[in-house]
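Source file: input09.txt. Holds: compact mmCIF, C-alpha atoms.
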```
# COMPACT_ATOMS: atom_id res chain seq x y z
CA MET A 1 100.90 -31.06 -63.29
CA SER A 2 98.32 -32.63 -65.57
CA LYS A 3 96.11 -30.70 -67.91
CA GLY A 4 92.46 -31.84 -68.12
CA ILE A 5 89.29 -31.26 -70.08
CA ILE A 6 85.68 -32.25 -69.60
CA LEU A 7 83.78 -32.95 -72.80
CA TYR A 8 80.05 -32.93 -72.23
CA GLN A 9 76.63 -33.05 -73.78
CA SER A 10 73.75 -31.79 -71.66
CA LYS A 11 70.22 -31.70 -73.00
CA TYR A 12 68.22 -30.60 -69.95
CA GLY A 13 70.88 -29.15 -67.65
CA ALA A 14 71.73 -31.81 -65.04
CA THR A 15 74.94 -32.91 -66.80
CA LYS A 16 76.05 -29.28 -67.18
CA LYS A 17 75.42 -28.73 -63.47
CA TYR A 18 77.77 -31.63 -62.67
CA VAL A 19 80.32 -30.35 -65.18
CA ASP A 20 80.31 -26.93 -63.50
CA TRP A 21 80.89 -28.57 -60.11
CA LEU A 22 83.67 -30.71 -61.56
CA VAL A 23 85.33 -27.64 -63.09
CA GLU A 24 85.23 -25.98 -59.64
CA GLU A 25 86.87 -29.01 -58.03
CA THR A 26 89.51 -29.77 -60.66
CA GLY A 27 90.20 -26.59 -62.62
CA TYR A 28 89.70 -28.54 -65.86
CA ASP A 29 88.64 -26.83 -69.05
CA CYS A 30 85.27 -27.85 -70.46
CA MET A 31 83.72 -27.99 -73.90
CA GLU A 32 80.59 -29.41 -75.46
CA THR A 33 81.26 -32.54 -77.48
CA LYS A 34 79.53 -30.93 -80.46
CA GLY A 35 82.41 -28.44 -80.76
CA ALA A 36 85.23 -30.79 -79.80
CA LYS A 37 88.00 -31.46 -82.29
CA LEU A 38 90.41 -34.34 -81.81
CA VAL A 39 93.47 -32.17 -82.45
CA HIS A 40 92.43 -29.88 -79.58
CA VAL A 41 91.48 -32.68 -77.16
CA GLN A 42 94.84 -34.41 -77.75
CA GLU A 43 96.54 -31.48 -76.01
CA TYR A 44 95.15 -32.69 -72.68
CA ASP A 45 96.49 -35.41 -70.37
CA VAL A 46 93.13 -36.14 -68.71
CA ILE A 47 89.83 -36.41 -70.57
CA VAL A 48 86.47 -36.74 -68.85
CA LEU A 49 83.41 -37.33 -71.01
CA ALA A 50 80.05 -36.46 -69.44
CA GLY A 51 76.64 -37.10 -70.90
CA GLY A 52 73.04 -37.85 -70.07
CA VAL A 53 71.69 -41.37 -70.39
CA TYR A 54 68.96 -41.75 -73.00
CA ALA A 55 67.66 -45.20 -73.93
CA SER A 56 70.82 -46.76 -72.42
CA GLY A 57 73.08 -44.58 -74.56
CA ILE A 58 75.35 -41.83 -73.21
CA ALA A 59 75.00 -38.48 -74.97
CA GLY A 60 78.29 -37.42 -76.58
CA PHE A 61 79.83 -40.89 -76.22
CA GLN A 62 80.29 -41.16 -79.98
CA PHE A 63 83.15 -38.65 -79.81
CA LEU A 64 85.10 -40.94 -77.49
CA LYS A 65 84.17 -44.09 -79.39
CA LYS A 66 85.27 -42.57 -82.68
CA ASN A 67 88.57 -41.20 -81.33
CA ILE A 68 89.64 -43.66 -78.60
CA ASN A 69 92.55 -45.08 -80.62
CA ASN A 70 94.04 -41.59 -80.91
CA LEU A 71 93.64 -40.97 -77.16
CA SER A 72 95.13 -44.20 -75.81
CA ASP A 73 97.93 -42.39 -73.96
CA LYS A 74 95.43 -40.27 -71.98
CA LYS A 75 93.77 -40.80 -68.62
CA ILE A 76 90.10 -41.11 -69.60
CA ALA A 77 86.90 -41.40 -67.58
CA VAL A 78 83.21 -41.27 -68.44
CA PHE A 79 80.41 -40.14 -66.22
CA ALA A 80 76.81 -40.65 -67.15
CA VAL A 81 73.89 -38.71 -65.71
CA GLY A 82 70.43 -40.22 -65.48
CA ALA A 83 67.13 -39.87 -63.67
CA SER A 84 67.30 -43.35 -62.17
CA PRO A 85 69.01 -44.15 -58.89
CA TYR A 86 72.34 -45.95 -59.14
CA ASP A 87 71.78 -49.58 -60.10
CA GLU A 88 74.74 -51.91 -60.65
CA LYS A 89 72.78 -54.07 -63.09
CA ALA A 90 71.80 -51.08 -65.28
CA ILE A 91 75.35 -49.69 -65.22
CA GLY A 92 76.63 -53.14 -66.17
CA GLN A 93 74.27 -53.21 -69.15
CA ILE A 94 75.53 -49.81 -70.32
CA ARG A 95 79.12 -51.04 -69.98
CA GLU A 96 78.34 -54.21 -71.95
CA MET A 97 76.64 -52.27 -74.74
CA HIS A 98 79.15 -49.46 -75.17
CA PHE A 99 82.50 -50.15 -73.50
CA LYS A 100 83.90 -52.77 -75.84
CA ASP A 101 87.37 -53.42 -77.24
CA SER A 102 89.63 -50.38 -76.74
CA LEU A 103 87.00 -48.78 -74.47
CA GLY A 104 86.94 -51.78 -72.13
CA ASN A 105 89.28 -50.27 -69.53
CA VAL A 106 87.67 -46.81 -69.45
CA PRO A 107 86.00 -46.32 -66.05
CA LEU A 108 82.31 -45.41 -65.97
CA PHE A 109 80.85 -43.31 -63.16
CA TYR A 110 77.20 -42.44 -62.58
CA CYS A 111 75.50 -39.34 -61.21
CA ARG A 112 71.78 -39.05 -60.61
CA GLY A 113 70.21 -36.19 -62.53
CA ALA A 114 66.81 -34.54 -62.73
CA TRP A 115 63.34 -34.98 -64.18
CA ASP A 116 61.14 -32.23 -65.55
CA GLU A 117 58.61 -33.22 -68.18
CA GLU A 118 57.99 -29.53 -69.03
CA LYS A 119 61.59 -29.19 -70.22
CA MET A 120 61.54 -32.39 -72.28
CA THR A 121 61.17 -32.34 -76.03
CA PHE A 122 57.86 -33.60 -77.34
CA GLY A 123 59.56 -36.80 -78.48
CA HIS A 124 61.18 -37.54 -75.12
CA ARG A 125 57.99 -36.69 -73.22
CA THR A 126 55.98 -39.00 -75.51
CA LEU A 127 58.46 -41.87 -75.12
CA CYS A 128 58.46 -41.46 -71.33
CA LYS A 129 54.66 -41.49 -71.18
CA MET A 130 54.56 -44.65 -73.31
CA LEU A 131 57.15 -46.26 -71.06
CA GLN A 132 55.21 -45.22 -67.95
CA LYS A 133 52.05 -46.82 -69.36
CA ALA A 134 53.92 -50.05 -70.07
CA VAL A 135 55.51 -50.14 -66.61
CA ALA A 136 52.15 -49.36 -64.93
CA LYS A 137 50.85 -52.72 -66.21
CA GLN A 138 53.47 -54.57 -64.14
CA ASN A 139 53.36 -55.53 -60.48
CA PRO A 140 54.88 -52.58 -58.53
CA ASP A 141 56.50 -55.04 -56.11
CA GLU A 142 58.60 -56.35 -59.01
CA TYR A 143 59.76 -53.01 -60.42
CA GLU A 144 63.44 -52.53 -61.25
CA PRO A 145 64.99 -49.44 -59.56
CA TRP A 146 64.66 -47.39 -62.75
CA GLN A 147 61.00 -48.36 -63.04
CA LYS A 148 60.31 -47.23 -59.46
CA ALA A 149 62.01 -43.91 -60.21
CA LEU A 150 60.09 -43.50 -63.45
CA MET A 151 56.74 -44.15 -61.82
CA SER A 152 57.42 -41.90 -58.83
CA ALA A 153 58.38 -39.01 -61.11
CA VAL A 154 55.12 -38.94 -63.10
CA GLY A 155 53.97 -35.32 -63.25
CA GLU A 156 56.68 -34.21 -60.82
CA LYS A 157 59.71 -31.95 -61.08
CA CYS A 158 62.60 -33.75 -59.41
CA ASP A 159 66.20 -32.67 -58.96
CA TRP A 160 68.40 -35.40 -57.51
CA THR A 161 71.71 -33.76 -58.45
CA ASP A 162 74.22 -33.81 -55.60
CA LYS A 163 77.95 -33.16 -55.48
CA LYS A 164 78.40 -36.41 -53.53
CA TYR A 165 77.87 -38.37 -56.76
CA LEU A 166 81.12 -36.88 -58.09
CA GLU A 167 83.22 -38.23 -55.20
CA PRO A 168 84.21 -41.56 -56.85
CA LEU A 169 85.19 -39.73 -60.04
CA LEU A 170 87.17 -37.12 -58.11
CA LYS A 171 88.95 -39.90 -56.23
CA TYR A 172 89.86 -41.54 -59.55
CA LEU A 173 91.12 -38.22 -60.92
CA GLY A 174 93.17 -37.53 -57.82
CA ASN A 175 90.89 -34.69 -56.62
CA MET A 176 93.52 -32.07 -57.17
CA LYS A 177 93.59 -28.68 -58.84
CA ILE A 178 95.32 -28.91 -62.18
CA THR A 179 96.47 -26.41 -64.79
CA GLN A 180 94.13 -25.21 -67.46
```
As structure tokens, the full file:
Amino acid sequence: MSKGIILYQSKYGATKKYVDWLVEETGYDCMETKGAKLVHVQEYDVIVLAGGVYASGIAGFQFLKKNINNLSDKKIAVFAVGASPYDEKAIGQIREMHFKDSLGNVPLFYCRGAWDEEKMTFGHRTLCKMLQKAVAKQNPDEYEPWQKALMSAVGEKCDWTDKKYLEPLLKYLGNMKITQ
């Protein structure tokens, strides 16, 4: 049996919610990327990195980027959590920006998260409001999927988390209970 771990970074809770569901389904250990040490992570056969998407970056991804050459014999997957609906073009842009060289073959999965301006830091809330103002100047008929989601969430609390988003990742992992 394989031994797996989920490394995660969750700022507002949606990523952690998915991690908890994934732990239930797989039996993997989990740890925040902030406390992860390469020597400990190398003990695992399967490594899943989970993080929220902020400005096209994946929270916690630096751990994987920094250590990928020491983890090349592992089964690795990344899942990103964001407020936008799944959009192949946006996922492709994230892949192009971050999954280069030795990260090129690492699969990327996407789960839709949540939106709650009251929970956001002042900086994130300010950036989102600026972005909303910029998007509002465009023709709504020409909005990208993320722009539609952004504009429909103004002043709302939205939770789009759903276990169904984990299905492709679970299929990749083999959807089986493994040892801890």
- Item | Protein/DNA/RNA residues near (79.9, -40.4, -61.1), cut 8 Å, only C-alpha atoms, as a ChimeraX atom specification | /A:79-81,108-111,165-169
Keeping C-alpha atoms for every residue in the selection just given, could you write it to a file as a PDB file, keeping the file's coordinate frame?
```
ATOM      1  CA  PHE A  79      80.410 -40.140 -66.220  1.00  0.00           C
ATOM      2  CA  ALA A  80      76.810 -40.650 -67.150  1.00  0.00           C
ATOM      3  CA  VAL A  81      73.890 -38.710 -65.710  1.00  0.00           C
ATOM      4  CA  LEU A 108      82.310 -45.410 -65.970  1.00  0.00           C
ATOM      5  CA  PHE A 109      80.850 -43.310 -63.160  1.00  0.00           C
ATOM      6  CA  TYR A 110      77.200 -42.440 -62.580  1.00  0.00           C
ATOM      7  CA  CYS A 111      75.500 -39.340 -61.210  1.00  0.00           C
ATOM      8  CA  TYR A 165      77.870 -38.370 -56.760  1.00  0.00           C
ATOM      9  CA  LEU A 166      81.120 -36.880 -58.090  1.00  0.00           C
ATOM     10  CA  GLU A 167      83.220 -38.230 -55.200  1.00  0.00           C
ATOM     11  CA  PRO A 168      84.210 -41.560 -56.850  1.00  0.00           C
ATOM     12  CA  LEU A 169      85.190 -39.730 -60.040  1.00  0.00           C
TER      13      LEU A 169
END
```
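Compared by their closest atoms to Gly82 in chain A, and using only C-alpha atoms, the residues A:Gly113, A:Ser2, A:Ala36, A:Gln138 rank with A:Gly113 nearest.
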- Task: Go through A:Gln62, A:Ile76, A:Val154, A:Asn139 one by one, measure the shortest atom-to-atom distance of each to Val106 in chain A using only C-alpha atoms, and give the residue with the smallest value.
- Result: A:Ile76
- Item | Nearest to Asp87 in chain A by atom-to-atom distance, counting all atoms listed in the file, from A:Lys163, A:Arg112, A:Lys11, A:Lys157 |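 Closest residue, counting all atoms listed in the file: A:Arg112.
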- Item | Neighbours of point (61.2, -33.9, -68.0) within 10 Å, using all atoms listed in the file, written as a ChimeraX atom specification | /A:12,83,114-122,124-125,128,153-158
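Taking CA of Gly57 in chain A and CA of Pro140 in chain A as the two end points, the separation is 25.5 Å.
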- Item | d(CA of Tyr44 in chain A, CA of Lys17 in chain A) in Å | 22.1 Å
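Of note, CA of Ala59 in chain A and CA of Tyr8 in chain A are spaced 8.0 Å apart.
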- Message: Between A:Glu144, A:Lys137, A:Leu170, A:Gly4, which residue has the minimum interatomic distance to Lys89 in chain A, considering all atoms listed in the file?
- Response: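 Residue with the minimum atom-to-atom distance to Lys89 in chain A: A:Glu144.
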- Compare A:Val135, A:Val19, A:Ala50, A:Val39 by their minimum atom-to-atom distance to Leu71 in chain A, counting all atoms listed in the file, and give me the closest one. A:Val39
